[in-house]
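What follows is a single structure, written as structure tokens, with notes after it.
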Amino acid sequence: MNRRDALTKVALAGAAIAAVSSSAKADTAPTSTLDRIKKNGVLRVAVIVGQEPYFHKDLATNEWSGACIDMAKDIAGKLGAKLETLESTWGNQILDLQADKVDLAFAVNPTPERALVIDFSTPILVHSFTVITKKGFAKPQTWAELNKPEVKIAVDIGSTHETIARRYCPKANILGFKNRDEAILAVATGRADCNVSLAVLSVSTLKKNPNLGDLAIPRPLLTLPTNMGIRAESDRRYKDFLSAWADYNRSMGQTREWMLKGFEAVGLTADDLPPEVQF
């Protein structure tokens with residue numbers, strides 16, 4: 001055997017070993033979100049500042065609390081994982097899921113557009129859409145009353161709040177903001193006449209800022225389920241687990257307890273909540 005033939009055999013042997021090694025690694029690498037969570041022992045969840053009762057961040061300690069944090073801790077415990085948070089916004093958490101930055105996004109409304117890019121658990125809750133009006137602005141009884149060019153509606157870009165505003169008030173002057181806090185500030189400073197938000201967020205906002213304005217629940221009453229968002233994948237175990245978890249805790253009343261605890265953080269009790277805030 002000449003030197004060239006010997007080197008060729010060595011190269012082929014090396015390639016075969018590398019292929020086997022690569023195949024072995026592929027066989028042991030997590031192939032789904034559930035496998036990775038179990039392997040790494042970490043559940044990554046998107047969190048959003050100032051969105052009580054869902055999320056609350058203690059600025060002094062950087063500790064997170066709220067209904068969705070309690071839910072996330074319970075889910076992580078069931079999976080034998082620790083909870084890891086990533087600060088996001090309502091508009092960005094879908095992108096964070098797609099970019100594999102988080103494994104779970106809470107309070108996601110399952111729109112057809114979103115269903116093309118992510119997947120959902122069964123609903124955690126069903127919520128109504130409401131309007132926070134600035135002081136002195138007439139409380140609308142219907143969505144049609146807001147559907148006028150002179151009405152300025154503040155919404156957070158990429159949220160279902162924006163979707164509802166554009167669907168039912170296409171003639172209004174809709175002002176888009178990076179996040180909901182900026183949209184609320186626009187109402188507080190008079191740059192906008194009102195803000196469209198889910199009832200669960202509106203009542204908390206007005207409790208924290210009673211001088212901001214008034215709560216209106218225009219007709220027709222618009223509702224959407226709120227679900228957990230996850231990455232779309234062929235392995236259904238993670239989705240099925242989260243759906244079973246959501247159905248079980250909702251039917252047992254545990255979800256209601258988590259939500260009421262979240263409301264307590266801003267001084268609200270069950271008696272303070274309008275009937276449109278469902279659990």
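The chains in the structure tokens are called A, B, ... from first to last as shown; in each chain the residues are counted from 1, and the ligands are counted from 1 in the order shown.
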* Neighbours of range 73-75 of chain A within 9 Å (only C-alpha atoms; same-chain residues fewer than 6 positions away dropped), as an MDAnalysis selection string? -> chainID A and resid 43 81:83 242 245
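Candidate residues A:Gln141, A:Leu221, A:Trp90, A:Phe106 were compared for distance to Ser159 in chain A, and the nearest is A:Trp90, using only C-alpha atoms.
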* To do: Apply DSSP to the structure's backbone, then extract all residues of range 34-198 of chain A labelled strand (DSSP E) and return them as a PyMOL selection string.
  => chain A and resi 42-47+56-58+63-65+82-87+105-108+118-120+125-134+152-156+173-177+194-198
Residues just named, written with C-alpha atoms as a PDB file, in the first residue's frame:
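The resulting file, part_22.pdb, is shown below:
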ATOM      1  CA  VAL A  42     -35.208  25.332  33.194  1.00  0.00           C
ATOM      2  CA  LEU A  43     -38.575  26.761  32.085  1.00  0.00           C
ATOM      3  CA  ARG A  44     -38.108  30.126  30.340  1.00  0.00           C
ATOM      4  CA  VAL A  45     -41.118  32.446  30.551  1.00  0.00           C
ATOM      5  CA  ALA A  46     -41.806  35.912  29.101  1.00  0.00           C
ATOM      6  CA  VAL A  47     -42.744  38.543  31.712  1.00  0.00           C
ATOM      7  CA  HIS A  56     -45.636  42.734  38.892  1.00  0.00           C
ATOM      8  CA  LYS A  57     -41.960  43.604  39.218  1.00  0.00           C
ATOM      9  CA  ASP A  58     -40.602  44.897  42.523  1.00  0.00           C
ATOM     10  CA  GLU A  63     -38.437  40.095  42.095  1.00  0.00           C
ATOM     11  CA  TRP A  64     -41.446  39.118  39.983  1.00  0.00           C
ATOM     12  CA  SER A  65     -44.891  38.268  41.308  1.00  0.00           C
ATOM     13  CA  LYS A  82     -36.683  26.072  37.850  1.00  0.00           C
ATOM     14  CA  LEU A  83     -38.283  29.247  36.525  1.00  0.00           C
ATOM     15  CA  GLU A  84     -36.291  31.686  34.399  1.00  0.00           C
ATOM     16  CA  THR A  85     -37.824  34.999  33.223  1.00  0.00           C
ATOM     17  CA  LEU A  86     -37.221  37.200  30.197  1.00  0.00           C
ATOM     18  CA  GLU A  87     -38.613  40.741  30.218  1.00  0.00           C
ATOM     19  CA  ALA A 105     -45.873  33.150  26.931  1.00  0.00           C
ATOM     20  CA  PHE A 106     -48.894  33.839  29.122  1.00  0.00           C
ATOM     21  CA  ALA A 107     -52.124  35.698  28.384  1.00  0.00           C
ATOM     22  CA  VAL A 108     -51.895  35.250  24.621  1.00  0.00           C
ATOM     23  CA  ILE A 118     -47.055  29.644  17.142  1.00  0.00           C
ATOM     24  CA  ASP A 119     -49.276  27.144  18.954  1.00  0.00           C
ATOM     25  CA  PHE A 120     -51.597  27.499  21.960  1.00  0.00           C
ATOM     26  CA  LEU A 125     -59.525  32.513  31.054  1.00  0.00           C
ATOM     27  CA  VAL A 126     -61.980  34.430  28.886  1.00  0.00           C
ATOM     28  CA  HIS A 127     -61.782  38.231  29.041  1.00  0.00           C
ATOM     29  CA  SER A 128     -63.740  41.199  27.720  1.00  0.00           C
ATOM     30  CA  PHE A 129     -62.325  44.253  25.992  1.00  0.00           C
ATOM     31  CA  THR A 130     -62.881  47.610  27.666  1.00  0.00           C
ATOM     32  CA  VAL A 131     -61.994  51.259  27.160  1.00  0.00           C
ATOM     33  CA  ILE A 132     -60.247  53.624  29.567  1.00  0.00           C
ATOM     34  CA  THR A 133     -61.365  57.160  28.779  1.00  0.00           C
ATOM     35  CA  LYS A 134     -59.573  60.319  29.822  1.00  0.00           C
ATOM     36  CA  LYS A 152     -57.805  59.411  19.301  1.00  0.00           C
ATOM     37  CA  ILE A 153     -57.348  55.837  20.533  1.00  0.00           C
ATOM     38  CA  ALA A 154     -54.036  54.779  22.103  1.00  0.00           C
ATOM     39  CA  VAL A 155     -52.980  51.125  21.774  1.00  0.00           C
ATOM     40  CA  ASP A 156     -49.832  49.047  22.207  1.00  0.00           C
ATOM     41  CA  ASN A 173     -57.261  58.163  14.778  1.00  0.00           C
ATOM     42  CA  ILE A 174     -55.429  55.146  16.201  1.00  0.00           C
ATOM     43  CA  LEU A 175     -52.112  55.954  17.867  1.00  0.00           C
ATOM     44  CA  GLY A 176     -49.677  53.046  18.217  1.00  0.00           C
ATOM     45  CA  PHE A 177     -47.152  52.880  21.073  1.00  0.00           C
ATOM     46  CA  CYS A 194     -58.962  56.622  25.343  1.00  0.00           C
ATOM     47  CA  ASN A 195     -57.156  53.308  25.483  1.00  0.00           C
ATOM     48  CA  VAL A 196     -58.455  49.866  24.522  1.00  0.00           C
ATOM     49  CA  SER A 197     -57.446  47.120  26.982  1.00  0.00           C
ATOM     50  CA  LEU A 198     -58.643  43.825  28.343  1.00  0.00           C
TER      51      LEU A 198
END
* Structure fact -> Atom pair CA of Tyr248 in chain A + CA of Val266 in chain A, distance 26.9 Å
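Put simply, CA of Ile37 in chain A is 23.0 Å away from CA of Thr89 in chain A.
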* Using only C-alpha atoms: which of A:Ala72, A:Thr142, A:Glu182, A:Arg114 has the shortest distance to Leu97 in chain A ->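 Selected residue with least distance to Leu97 in chain A: A:Arg114.
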* Contacts of Asp235 in chain A at 10 Å or less, counting only C-alpha atoms, minus same-chain residues fewer than 2 places along, as a list in words? -> Thr31, Ser32, Thr33, Leu34, Asp35, Ala232, Glu233, Arg237, Tyr238, Lys239 and Asp240 of chain A
* Return as a VMD selection string the full set of residues in range 31-106 of chain A whose backbone-based DSSP assignment is alpha helix (DSSP H). => chain A and resid 33 to 40 67 to 78 93 to 98
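Of the residues listed (A:Ala172, A:Leu206, A:Ala246, A:Ala144), A:Leu206 shows the shortest atom-to-atom separation from Leu273 in chain A; distances use only C-alpha atoms.
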* Structure fact -> Shortest contact to Ala199 in chain A, candidates A:Thr111, A:Thr223, A:Thr255, A:Asn249, atoms counted only C-alpha atoms, goes to A:Thr223
* Residue among A:Leu95, A:Val277, A:Val102, A:Leu212 lying closest to Pro225 in chain A, counting only C-alpha atoms ->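 With only C-alpha atoms as the atom set, the closest residue is A:Val277.
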* Given only C-alpha atoms as the counted atoms, nearest of A:Thr160, A:Asn109, A:Ser202, A:Gln98 to Glu276 in chain A ->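 Distance minimum relative to Glu276 in chain A lands on A:Ser202.
Here CA of Ala183 in chain A and CA of Ser88 in chain A stand 16.1 Å from one another.
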* Leaving out Ala67 in chain A and any residue of its chain fewer than 2 positions from it, which residues lie within 7 Å of it when counting only C-alpha atoms, given as a list in words? -> Pro53, Tyr54, Phe55, Ile69, Asp70, Met71, Trp258, Met259, Lys261 and Gly262 of chain A
